[in-house]
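Colleague: Take this structure, written in structure tokens, and hold onto it; I'll ask about it next.
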Amino acid sequence: MIEMHGRVKVKTTAEKEAEKEKERKERLIQYTRLLDEVKDKRKNKECFQEVLDASKQVLLCNPDFGTMWNVRKEALLQMEVSQDQDAFQKQCLVELKLAADCLKCNPKSYGAWHHRIWIMERMPCPDWAFELDLTQKALGLDSRNFHCWDYRRYIVKKFGQDLHKELNYTSELILENFSNYSAWHYRSHLLPELCPDPNGTWLLSEEKRLEELELIQNAAFTDPEDQSAWLYHKSEKVLAALTSQLQSCQELIELEPESKWPLLTSVNLMRAIDPLQYKDEVNMVLQKLKSVDSQRDNFYTDLKSKFLIENHLQQVNWHAGSISFSEMSLSTIYCADSLLLFRVVDLSYNELKSVSPLAALQCCESLNLQHNCLTSCHGLECLPFLKELNIAENLIDDVNPLKECLNLKMLKIAGNPVALKVEELGDSLKAIVI
Amino acid sequence: MLIKDVVLGEDAPKALLLEKHKEFLLSYGKKSHMDYEHKMTEYLRMSGYYWGLTALSLMGDLEHAGKEEILNFVQECQNPCGGISPAPGHDPHLLYTLSAVQILCLYDALDILDKEAIVKYVSGLQQDDGSFAGDKWGEIDTRFSFCALACLSFVKRLDAVNVDKAVEYILQCMNFDGGFGCRPGSESHAGQIYCCLGSLDLAKGDLLGWWLSERQLPSGGLNGRPEKLPDVCYSWWVLASLSMLGRLHWIDHDLLRSFILACQDSETGGISDRPGDIPDPFHTLFGLAGLSLFGDEHLVPIHPVFCLPYPVIDRLGIQTQSLHVG
Ligand SMILES: [Zn+2]
């Protein structure tokens with residue numbers, strides 16, 4: 001859909017417009033003639049040369065025209081059996097040239113990239129090394145073209161290229177430009193294959209992990225606003241050397257206190273080292289992030305809830321049967337699966353907006369949701385053992401779904417819109433409302 | 001380092017120009033075959049109709065598009081193999097098969113096509129590894145997995161393919177950032193993530209949700225990959241994916257709204273990829289769809305998986321599993 005992207009609107013005069021219109025009319029006639037030619041000759045097995053000529057011209061001005069690539073493939077299948085190997089090889093070279101020409105005018109044409117692969121698969125003598133070199137040149141022009149990266153990976157596999165060479169190639173690209181997200185992405189696939197951890201605990205061997213950390217650290221120090229390196233860092237989360245990482249991260253924050261990426265990374269590092277030890281510091285940094293990156297305010301709020309819940313679960317007595325998260329300013333529930341076995345769950349005095357994660361509380365008999373921001377109790381009806389439910393002081397205006405909770409004996413709804421219309425409730429609900 | 005982004009001009013539109021957009025889409029549908037640009041985009045006509053008609057129905061104005069004519073067109077595009085072409089005389093493909101089925105859902109007219117033939121065509125494109133080819137020429141892409149699964153959901157015949165294998169393949173395309181690429185090993189980008197999430201009922205919710213929320217730039221617009229310019233169509237891919245993950249609130253709504261509104265063409269109507277560019281039905285649909293996901297009062301609510309108005313999905317009685325992640 002490239003023709004719909006980046007077409008800047010320019011003001012023109014009536015005169016210029018008329019001239020353009022005339023040009024368009026001429027082009028239309030020519031284009032239509034080519035399409036008719038392909039259509040007429042396609043069915044006739046004798047005329048494949050004419051089909052190839054006409055479709056070529058269509059594709060050069062419209063490389064996304066799928067049917068035109070198909071008619072060429074049909075003609076080629078025919079030539080593959082009817083002509084000798086040299087002639088067919090020659091035609092394949094013509095196809096590669098056409099695909100290349102089309103990619104020059106639209107580097108993102110799915111059809112042209114696929115045609116290239118299709119030809120390489122069938123060619124009598126494919127030149128893999130040449131293709132590999134070609135992708136290198138193309139990536140030199142646009143290092144983020146993911147079609148070209150995919151094509152390179154295809155060639156590497158076919159050619160049996162040494163993956164260490166590929167790794168070196170990504171190193172070169174990254175040293176040239178740290179923001180090359182595509183190159184980082186490729187590394188994240190190459191490294192676990194080349195240097196797996198012998199113990200199977202990590203994706204990478206210890207030695208390699210440290211090397212990668214160093215490369216990332218260099219990238220981050222060169223340019224703290226660079227997203228690519230920090231994103232990659234997050235996924236690696238390698239435990240080794242984390243403390244020294246945290247230290248350098250904090251140095252960076254001292255230099256640039258308003259910079260988001262070091263702040264976010266320090267949170268990840270602190271969580272990875274010891275969530276409880278760094279509990280207060282993590283909170284402080286999250287507060288800071290909410291102000292430097294206010295567009296993602298709600299993300300940090302939810303992240304804070306997640307950490308609070310994870311911390312709480314680390315210290316919980318799993319045999320107690322009851323658990324309380326009361327007054328923790330939670331905006332959402334995480335790790336609901338871990339709550340599966342609790343019979344008494346207290347989530348009162350938080351800022352919860354949805355009950356949907358609570359579907360996991362399959363053993364819960366008593367649930368306290370007093371004083372949250374819930375607008376619906378839909379979803380709680382799937383808790384089979386629920387006996388007592390407190391949803392007081394929320395924004396709920398319908399409790400009818402709870403009719404399905406057959407064991408429910410006590411329901412607190414004061415301080416909700418629905419509390420004003422208790423009379424309208426069915427008898428089964430009216431009987432248990434307090 | 002400079003962030004790649006755009007600046008919204010002072011004079012950019014700040015209100016939703018509904019009437020203008022209706023005009024733009026209706027005139028687009030009526031363009032003659034004597035128009036060069038129109039002829040050049042014939043190879044994706046079926047999708048063009050789907051974009052325009054869905055945009056019109058989000059604005060509650062489907063009646064004004066010539067229903068008879070469109071249904072005839074769709075019928076004419078079904079091939080003996082069951083697959084559907086973008087226009088008569090073109091070859092069938094999964095992309096246009098899905099667009100045609102979506103158009104018929106809008107009109108509640110699925111019966112006018114041979115449904116079993118569609119099922120046969122779509123299921124015939126599944127490969128041994130669970131992936132789908134786009135057509136008989138064998139291009140493989142997770143986008144096609146989404147097209148296939150969506151098509152079969154609409155005609156209620158998901159049983160005709162191996163859904164477990166299809167999901168297994170999509171999961172192989174998951175990346176270190178939690179996103180998805182075209183094939184195993186490919187880089188993540190937002191459109192692909194939408195297709196993959198639409199086909200799955202599980203994902204690494206937080207990491208992926210965070211990656212998606214990082215797509216929002218200071219201008220309010222969203223890009224498809226890190227270090228790329230913002231684009232209206234990504235507001236749809238990103239928002240729909242976040243909505244499937246239950247994390248729509250991680251995007252700054254007001255900022256995004258002002259970006260989409262600034263991409264409107266106040267002269268001709270229609271929405272473009274970025275402020276000041278030429279509008280088209282594709283970006284008009286995805287701009288409106290983004291606004292609709294955030295509950296714009298002027299628009300019909302849109303379904304985040306199928307990109308059709310909610311009432312249409314309800315009428316079809318299709319159930320989707322919501323994602324429980326975290
Ligand atoms: Zn776009």
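Quick note on naming: the chains in the structure tokens go A, B, ... in the order shown, residues restart at 1 in each chain, and ligands are numbered from 1 in order of appearance.
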What does the list of residues within 12 Å of ligand 1 look like if you count only C-alpha atoms and all ligand atoms, written as number ranges by chain?

Modeller: A: 1-7; B: 190-191, 221-224, 228-238, 260, 263, 271-275, 277-287

Colleague: Taking only C-alpha atoms into account and nothing else, which residues of chain A lie no more than 6 Å away from chain B? Please answer as a list in words.

Modeller: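 Within 6 Å of chain B on chain A, we get Arg7, Val8, Lys9, Arg24, Leu28, Phe65, Thr67, Gln295, Arg296, Asn298, Phe299 and Tyr334 of chain A.
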
Colleague: Mind dumping the selected residues with C-alpha atoms as a JSON list (two decimals), in the first residue's frame?

Modeller:
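The resulting file, result-v3.json, is reproduced below:
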```
[["chain", "number", "residue", "atom", "x", "y", "z"],
["A", 7, "ARG", "CA", 2.24, 11.56, -0.76],
["A", 8, "VAL", "CA", 2.53, 15.22, 0.17],
["A", 9, "LYS", "CA", -0.36, 17.38, -1.01],
["A", 24, "ARG", "CA", -2.81, 10.91, -17.14],
["A", 28, "LEU", "CA", -4.33, 5.35, -18.88],
["A", 65, "PHE", "CA", -0.04, -5.84, -8.96],
["A", 67, "THR", "CA", -1.76, -11.02, -10.87],
["A", 295, "GLN", "CA", 2.07, 10.10, 27.99],
["A", 296, "ARG", "CA", 2.45, 6.65, 29.55],
["A", 298, "ASN", "CA", -1.27, 4.77, 33.20],
["A", 299, "PHE", "CA", 1.36, 2.25, 32.19],
["A", 334, "TYR", "CA", -1.74, -9.05, 38.44]]
```

Colleague: For each of A:Asn106, A:Ser322, A:Thr332, A:Ser348, take the minimum atom-to-atom distance to Cys363 of chain A, counting only C-alpha atoms, then give the residue where this is smallest.

Modeller: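 The answer is A:Ser322, which sits nearest to Cys363 of chain A.
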
Colleague: Write out as a PyMOL selection string all residues of segment 101-254 of chain B that backbone DSSP assigns to alpha helix (DSSP H).

Modeller: chain B and resi 101-106+115-124+142-154+163-172+190-199+205-213+232-244+253-254

Colleague: Quick one: residues within 8 Å of segment 354-356 of chain A, only C-alpha atoms, excluding same-chain residues fewer than 5 positions away - as an MDAnalysis selection string?

Modeller: chainID A and resid 332 373:380

Colleague: Mind dumping the selected residues with N, CA and C atoms as a PDB file, in the first residue's frame?

Modeller:
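Contents of again.pdb, freshly written:
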```pdb
ATOM      1  N   THR A 332      -4.862  -2.226  39.155  1.00  0.00           N
ATOM      2  CA  THR A 332      -5.243  -3.442  38.444  1.00  0.00           C
ATOM      3  C   THR A 332      -4.685  -4.655  39.177  1.00  0.00           C
ATOM      4  N   CYS A 373     -13.104   1.441  41.995  1.00  0.00           N
ATOM      5  CA  CYS A 373     -13.717   2.230  40.915  1.00  0.00           C
ATOM      6  C   CYS A 373     -14.428   1.309  39.923  1.00  0.00           C
ATOM      7  N   LEU A 374     -15.019   0.227  40.419  1.00  0.00           N
ATOM      8  CA  LEU A 374     -15.648  -0.747  39.525  1.00  0.00           C
ATOM      9  C   LEU A 374     -16.955  -0.208  38.958  1.00  0.00           C
ATOM     10  N   THR A 375     -17.167  -0.427  37.649  1.00  0.00           N
ATOM     11  CA  THR A 375     -18.434  -0.016  37.039  1.00  0.00           C
ATOM     12  C   THR A 375     -19.322  -1.222  36.752  1.00  0.00           C
ATOM     13  N   SER A 376     -18.759  -2.417  36.876  1.00  0.00           N
ATOM     14  CA  SER A 376     -19.547  -3.610  36.581  1.00  0.00           C
ATOM     15  C   SER A 376     -19.063  -4.774  37.433  1.00  0.00           C
ATOM     16  N   CYS A 377     -19.983  -5.671  37.801  1.00  0.00           N
ATOM     17  CA  CYS A 377     -19.554  -6.858  38.548  1.00  0.00           C
ATOM     18  C   CYS A 377     -19.612  -8.086  37.645  1.00  0.00           C
ATOM     19  N   HIS A 378     -19.782  -7.850  36.358  1.00  0.00           N
ATOM     20  CA  HIS A 378     -19.865  -8.928  35.390  1.00  0.00           C
ATOM     21  C   HIS A 378     -18.557  -9.720  35.370  1.00  0.00           C
ATOM     22  N   GLY A 379     -18.633 -11.008  35.563  1.00  0.00           N
ATOM     23  CA  GLY A 379     -17.437 -11.844  35.628  1.00  0.00           C
ATOM     24  C   GLY A 379     -17.364 -12.553  36.972  1.00  0.00           C
ATOM     25  N   LEU A 380     -17.900 -11.914  38.024  1.00  0.00           N
ATOM     26  CA  LEU A 380     -17.848 -12.539  39.355  1.00  0.00           C
ATOM     27  C   LEU A 380     -18.787 -13.740  39.447  1.00  0.00           C
TER      28      LEU A 380
END
```

Colleague: I'd like the contact shell of Pro13 of chain B - 9 Å cut-off, only C-alpha atoms, skipping same-chain residues fewer than 3 positions apart - returned as a list in words.

Modeller: Glu10, Leu16, Leu17, Ser258, Leu261, Ala262, Cys263, Gln264, Asp265 and Ser266 of chain B

Colleague: Store the residues picked out above in a file with N, CA, C and O atoms, as a PDB file, in the first residue's frame.

Modeller:
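out_19.pdb was written with the following content:
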```pdb
ATOM      1  N   GLU B  10      -0.669  24.854  13.588  1.00  0.00           N
ATOM      2  CA  GLU B  10      -1.702  25.599  14.314  1.00  0.00           C
ATOM      3  C   GLU B  10      -3.060  25.475  13.622  1.00  0.00           C
ATOM      4  O   GLU B  10      -4.105  25.406  14.258  1.00  0.00           O
ATOM      5  N   LEU B  16     -13.956  16.687  14.296  1.00  0.00           N
ATOM      6  CA  LEU B  16     -14.147  15.571  13.364  1.00  0.00           C
ATOM      7  C   LEU B  16     -15.074  16.008  12.226  1.00  0.00           C
ATOM      8  O   LEU B  16     -16.206  16.415  12.466  1.00  0.00           O
ATOM      9  N   LEU B  17     -14.574  15.921  10.970  1.00  0.00           N
ATOM     10  CA  LEU B  17     -15.312  16.437   9.811  1.00  0.00           C
ATOM     11  C   LEU B  17     -16.147  15.332   9.170  1.00  0.00           C
ATOM     12  O   LEU B  17     -15.897  14.925   8.029  1.00  0.00           O
ATOM     13  N   SER B 258      -5.939  14.245  18.785  1.00  0.00           N
ATOM     14  CA  SER B 258      -5.582  15.469  18.069  1.00  0.00           C
ATOM     15  C   SER B 258      -4.692  15.162  16.877  1.00  0.00           C
ATOM     16  O   SER B 258      -4.755  15.846  15.853  1.00  0.00           O
ATOM     17  N   LEU B 261      -7.100  13.855  14.113  1.00  0.00           N
ATOM     18  CA  LEU B 261      -7.895  14.970  13.580  1.00  0.00           C
ATOM     19  C   LEU B 261      -7.044  15.872  12.688  1.00  0.00           C
ATOM     20  O   LEU B 261      -7.515  16.391  11.677  1.00  0.00           O
ATOM     21  N   ALA B 262      -5.758  16.024  13.043  1.00  0.00           N
ATOM     22  CA  ALA B 262      -4.878  16.872  12.243  1.00  0.00           C
ATOM     23  C   ALA B 262      -4.571  16.249  10.885  1.00  0.00           C
ATOM     24  O   ALA B 262      -4.128  16.936   9.964  1.00  0.00           O
ATOM     25  N   CYS B 263      -4.791  14.946  10.735  1.00  0.00           N
ATOM     26  CA  CYS B 263      -4.536  14.266   9.459  1.00  0.00           C
ATOM     27  C   CYS B 263      -5.742  14.338   8.530  1.00  0.00           C
ATOM     28  O   CYS B 263      -5.726  13.759   7.441  1.00  0.00           O
ATOM     29  N   GLN B 264      -6.816  15.012   8.951  1.00  0.00           N
ATOM     30  CA  GLN B 264      -7.980  15.163   8.078  1.00  0.00           C
ATOM     31  C   GLN B 264      -7.671  16.192   6.987  1.00  0.00           C
ATOM     32  O   GLN B 264      -6.963  17.162   7.222  1.00  0.00           O
ATOM     33  N   ASP B 265      -8.246  15.991   5.802  1.00  0.00           N
ATOM     34  CA  ASP B 265      -8.147  16.984   4.737  1.00  0.00           C
ATOM     35  C   ASP B 265      -9.424  17.820   4.774  1.00  0.00           C
ATOM     36  O   ASP B 265     -10.503  17.324   4.439  1.00  0.00           O
ATOM     37  N   SER B 266      -9.297  19.076   5.188  1.00  0.00           N
ATOM     38  CA  SER B 266     -10.509  19.881   5.395  1.00  0.00           C
ATOM     39  C   SER B 266     -11.135  20.325   4.069  1.00  0.00           C
ATOM     40  O   SER B 266     -12.285  20.742   4.044  1.00  0.00           O
TER      41      SER B 266
END
```

Colleague: Quote the spacing between atom CA of Cys92 of chain A and atom CA of Arg42 of chain A in Å to one decimal place.

Modeller: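 Answer for the atom CA of Cys92 of chain A to atom CA of Arg42 of chain A separation: 19.1 Å.
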
Colleague: Expressed in Å to a single decimal, how great is the separation between atom CA of Val119 of chain B and atom CA of Ser153 of chain B?

Modeller: 10.4 Å

Colleague: One decimal, Å: what's the distance from atom CA of Lys45 of chain A over to atom CA of Leu76 of chain A, could you say?

Modeller: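 So the two atoms, atom CA of Lys45 of chain A and atom CA of Leu76 of chain A, lie 11.3 Å apart.
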
Colleague: Excluding same-chain residues fewer than 6 positions from Glu297 of chain B, what lies within 12 Å of it counting only C-alpha atoms, as an MDAnalysis selection string?

Modeller: chainID B and resid 16 18 58:60 288 291

Colleague: Can you tell me, as a ChimeraX atom specification, which residues in segment 129-306 of chain B count as strand (DSSP E or B) by DSSP?

Modeller: /B:132-133,140,174,180,216,222,264,271,277,280,302

Colleague: Go ahead and write the selection's residues with N, CA and C atoms as a PDB file, in the first residue's frame.

Modeller:
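Okay, this is what ended up in out-v5.pdb:
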```
ATOM      1  N   PHE B 132      -0.015 -20.250   6.741  1.00  0.00           N
ATOM      2  CA  PHE B 132      -0.878 -20.146   5.567  1.00  0.00           C
ATOM      3  C   PHE B 132      -0.156 -19.436   4.432  1.00  0.00           C
ATOM      4  N   ALA B 133      -0.364 -19.930   3.199  1.00  0.00           N
ATOM      5  CA  ALA B 133       0.104 -19.221   2.009  1.00  0.00           C
ATOM      6  C   ALA B 133      -0.988 -18.238   1.602  1.00  0.00           C
ATOM      7  N   ILE B 140       4.391 -17.031   2.270  1.00  0.00           N
ATOM      8  CA  ILE B 140       3.956 -17.336   3.639  1.00  0.00           C
ATOM      9  C   ILE B 140       4.110 -16.081   4.499  1.00  0.00           C
ATOM     10  N   MET B 174       7.152 -15.032  17.537  1.00  0.00           N
ATOM     11  CA  MET B 174       7.243 -14.077  18.634  1.00  0.00           C
ATOM     12  C   MET B 174       8.705 -13.675  18.858  1.00  0.00           C
ATOM     13  N   PHE B 180       5.535  -9.615  17.202  1.00  0.00           N
ATOM     14  CA  PHE B 180       5.529 -10.676  16.200  1.00  0.00           C
ATOM     15  C   PHE B 180       6.036 -10.169  14.846  1.00  0.00           C
ATOM     16  N   GLN B 216       3.770   5.412  20.810  1.00  0.00           N
ATOM     17  CA  GLN B 216       3.224   6.778  20.780  1.00  0.00           C
ATOM     18  C   GLN B 216       4.340   7.809  20.913  1.00  0.00           C
ATOM     19  N   LEU B 222       1.218   7.475  16.388  1.00  0.00           N
ATOM     20  CA  LEU B 222       1.885   6.218  16.708  1.00  0.00           C
ATOM     21  C   LEU B 222       2.670   5.739  15.496  1.00  0.00           C
ATOM     22  N   GLN B 264      -6.816  15.012   8.951  1.00  0.00           N
ATOM     23  CA  GLN B 264      -7.980  15.163   8.078  1.00  0.00           C
ATOM     24  C   GLN B 264      -7.671  16.192   6.987  1.00  0.00           C
ATOM     25  N   ILE B 271      -8.919  11.123   5.372  1.00  0.00           N
ATOM     26  CA  ILE B 271      -7.800  11.185   6.323  1.00  0.00           C
ATOM     27  C   ILE B 271      -6.566  10.598   5.643  1.00  0.00           C
ATOM     28  N   ASP B 277      -0.607  15.251   3.984  1.00  0.00           N
ATOM     29  CA  ASP B 277      -0.509  14.304   2.872  1.00  0.00           C
ATOM     30  C   ASP B 277      -1.881  14.090   2.217  1.00  0.00           C
ATOM     31  N   ASP B 280      -6.790   8.993   1.677  1.00  0.00           N
ATOM     32  CA  ASP B 280      -7.236   7.814   0.937  1.00  0.00           C
ATOM     33  C   ASP B 280      -8.181   7.020   1.841  1.00  0.00           C
ATOM     34  N   ILE B 302     -16.338  -0.067  17.237  1.00  0.00           N
ATOM     35  CA  ILE B 302     -15.740  -1.040  16.321  1.00  0.00           C
ATOM     36  C   ILE B 302     -15.168  -2.226  17.084  1.00  0.00           C
TER      37      ILE B 302
END
```

Colleague: Mind checking which residues fall within 8 Å of Ser324 of chain A, counting only C-alpha atoms, ignoring those fewer than 4 positions away in the same chain, and posting them as a compact mmCIF listing (two decimals) with all heavy atoms, in the first residue's frame?

Modeller:
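Once everything was written out, this is part.txt:
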```txt
# COMPACT_ATOMS: atom_id res chain seq x y z
N VAL A 345 -10.41 -13.26 50.24
CA VAL A 345 -9.57 -12.31 49.52
C VAL A 345 -10.08 -10.89 49.76
O VAL A 345 -11.25 -10.60 49.51
CB VAL A 345 -9.54 -12.61 48.01
CG1 VAL A 345 -8.68 -11.59 47.28
CG2 VAL A 345 -9.03 -14.03 47.75
N ASP A 346 -9.20 -10.04 50.27
CA ASP A 346 -9.58 -8.65 50.56
C ASP A 346 -8.86 -7.70 49.60
O ASP A 346 -7.63 -7.58 49.64
CB ASP A 346 -9.21 -8.33 52.02
CG ASP A 346 -9.68 -6.94 52.42
OD1 ASP A 346 -10.22 -6.21 51.55
OD2 ASP A 346 -9.51 -6.58 53.62
N LEU A 347 -9.62 -7.05 48.75
CA LEU A 347 -9.04 -6.08 47.80
C LEU A 347 -9.64 -4.70 48.03
O LEU A 347 -9.65 -3.85 47.13
CB LEU A 347 -9.32 -6.54 46.37
CG LEU A 347 -8.54 -7.76 45.90
CD1 LEU A 347 -9.21 -8.44 44.71
CD2 LEU A 347 -7.11 -7.37 45.53
```

Colleague: Compile the contact shell of Phe144 of chain B as a ChimeraX atom specification: residues with an atom at most 9 Å away, counting only C-alpha atoms, same-chain residues fewer than 4 positions apart removed.

Modeller: /B:94-95,131-134,140,148-149,195

Colleague: How about saving the chosen residues, all heavy atoms kept, as a PDB file, in the first residue's frame?

Modeller:
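The file below, selection_3.pdb, is the result:
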```pdb
ATOM      1  N   LEU B  94      -5.976 -14.660  -0.557  1.00  0.00           N
ATOM      2  CA  LEU B  94      -6.582 -14.644   0.787  1.00  0.00           C
ATOM      3  C   LEU B  94      -6.947 -13.240   1.254  1.00  0.00           C
ATOM      4  O   LEU B  94      -7.972 -13.036   1.890  1.00  0.00           O
ATOM      5  CB  LEU B  94      -5.601 -15.245   1.797  1.00  0.00           C
ATOM      6  CG  LEU B  94      -5.895 -16.636   2.346  1.00  0.00           C
ATOM      7  CD1 LEU B  94      -4.860 -16.998   3.394  1.00  0.00           C
ATOM      8  CD2 LEU B  94      -7.289 -16.706   2.955  1.00  0.00           C
ATOM      9  N   LEU B  95      -6.070 -12.252   0.926  1.00  0.00           N
ATOM     10  CA  LEU B  95      -6.323 -10.880   1.384  1.00  0.00           C
ATOM     11  C   LEU B  95      -7.687 -10.402   0.913  1.00  0.00           C
ATOM     12  O   LEU B  95      -8.455  -9.807   1.663  1.00  0.00           O
ATOM     13  CB  LEU B  95      -5.252  -9.931   0.837  1.00  0.00           C
ATOM     14  CG  LEU B  95      -3.855 -10.000   1.438  1.00  0.00           C
ATOM     15  CD1 LEU B  95      -2.899  -9.136   0.627  1.00  0.00           C
ATOM     16  CD2 LEU B  95      -3.873  -9.529   2.890  1.00  0.00           C
ATOM     17  N   SER B 131       1.291 -22.755   9.076  1.00  0.00           N
ATOM     18  CA  SER B 131       1.224 -21.435   8.460  1.00  0.00           C
ATOM     19  C   SER B 131       0.257 -21.451   7.279  1.00  0.00           C
ATOM     20  O   SER B 131      -0.235 -22.504   6.875  1.00  0.00           O
ATOM     21  CB  SER B 131       2.611 -21.029   7.972  1.00  0.00           C
ATOM     22  OG  SER B 131       3.011 -21.889   6.909  1.00  0.00           O
ATOM     23  N   PHE B 132      -0.015 -20.250   6.741  1.00  0.00           N
ATOM     24  CA  PHE B 132      -0.878 -20.146   5.567  1.00  0.00           C
ATOM     25  C   PHE B 132      -0.156 -19.436   4.432  1.00  0.00           C
ATOM     26  O   PHE B 132       0.548 -18.452   4.650  1.00  0.00           O
ATOM     27  CB  PHE B 132      -2.153 -19.359   5.901  1.00  0.00           C
ATOM     28  CG  PHE B 132      -3.165 -20.178   6.654  1.00  0.00           C
ATOM     29  CD1 PHE B 132      -3.086 -20.285   8.033  1.00  0.00           C
ATOM     30  CD2 PHE B 132      -4.177 -20.848   5.987  1.00  0.00           C
ATOM     31  CE1 PHE B 132      -4.004 -21.047   8.747  1.00  0.00           C
ATOM     32  CE2 PHE B 132      -5.103 -21.615   6.682  1.00  0.00           C
ATOM     33  CZ  PHE B 132      -5.020 -21.713   8.065  1.00  0.00           C
ATOM     34  N   ALA B 133      -0.364 -19.930   3.199  1.00  0.00           N
ATOM     35  CA  ALA B 133       0.104 -19.221   2.009  1.00  0.00           C
ATOM     36  C   ALA B 133      -0.988 -18.238   1.602  1.00  0.00           C
ATOM     37  O   ALA B 133      -2.163 -18.458   1.889  1.00  0.00           O
ATOM     38  CB  ALA B 133       0.373 -20.204   0.886  1.00  0.00           C
ATOM     39  N   GLY B 134      -0.585 -17.138   0.953  1.00  0.00           N
ATOM     40  CA  GLY B 134      -1.557 -16.128   0.532  1.00  0.00           C
ATOM     41  C   GLY B 134      -2.373 -16.583  -0.657  1.00  0.00           C
ATOM     42  O   GLY B 134      -3.542 -16.214  -0.813  1.00  0.00           O
ATOM     43  N   ILE B 140       4.391 -17.031   2.270  1.00  0.00           N
ATOM     44  CA  ILE B 140       3.956 -17.336   3.639  1.00  0.00           C
ATOM     45  C   ILE B 140       4.110 -16.081   4.499  1.00  0.00           C
ATOM     46  O   ILE B 140       5.109 -15.373   4.401  1.00  0.00           O
ATOM     47  CB  ILE B 140       4.843 -18.446   4.259  1.00  0.00           C
ATOM     48  CG1 ILE B 140       4.848 -19.697   3.381  1.00  0.00           C
ATOM     49  CG2 ILE B 140       4.412 -18.750   5.684  1.00  0.00           C
ATOM     50  CD1 ILE B 140       3.559 -20.451   3.349  1.00  0.00           C
ATOM     51  N   ALA B 148      -6.950 -16.013   7.174  1.00  0.00           N
ATOM     52  CA  ALA B 148      -7.587 -17.326   7.096  1.00  0.00           C
ATOM     53  C   ALA B 148      -8.488 -17.552   8.304  1.00  0.00           C
ATOM     54  O   ALA B 148      -9.658 -17.926   8.166  1.00  0.00           O
ATOM     55  CB  ALA B 148      -6.517 -18.413   7.023  1.00  0.00           C
ATOM     56  N   LEU B 149      -7.949 -17.297   9.501  1.00  0.00           N
ATOM     57  CA  LEU B 149      -8.730 -17.571  10.714  1.00  0.00           C
ATOM     58  C   LEU B 149      -9.938 -16.636  10.795  1.00  0.00           C
ATOM     59  O   LEU B 149     -11.027 -17.047  11.212  1.00  0.00           O
ATOM     60  CB  LEU B 149      -7.852 -17.450  11.964  1.00  0.00           C
ATOM     61  CG  LEU B 149      -6.712 -18.483  12.043  1.00  0.00           C
ATOM     62  CD1 LEU B 149      -5.871 -18.274  13.298  1.00  0.00           C
ATOM     63  CD2 LEU B 149      -7.246 -19.911  12.009  1.00  0.00           C
ATOM     64  N   CYS B 195      -2.293  -8.698  13.500  1.00  0.00           N
ATOM     65  CA  CYS B 195      -2.715  -9.940  12.857  1.00  0.00           C
ATOM     66  C   CYS B 195      -2.462 -11.144  13.753  1.00  0.00           C
ATOM     67  O   CYS B 195      -3.278 -12.048  13.839  1.00  0.00           O
ATOM     68  CB  CYS B 195      -1.979 -10.135  11.535  1.00  0.00           C
ATOM     69  SG  CYS B 195      -2.519  -8.977  10.287  1.00  0.00           S
TER      70      CYS B 195
END
```
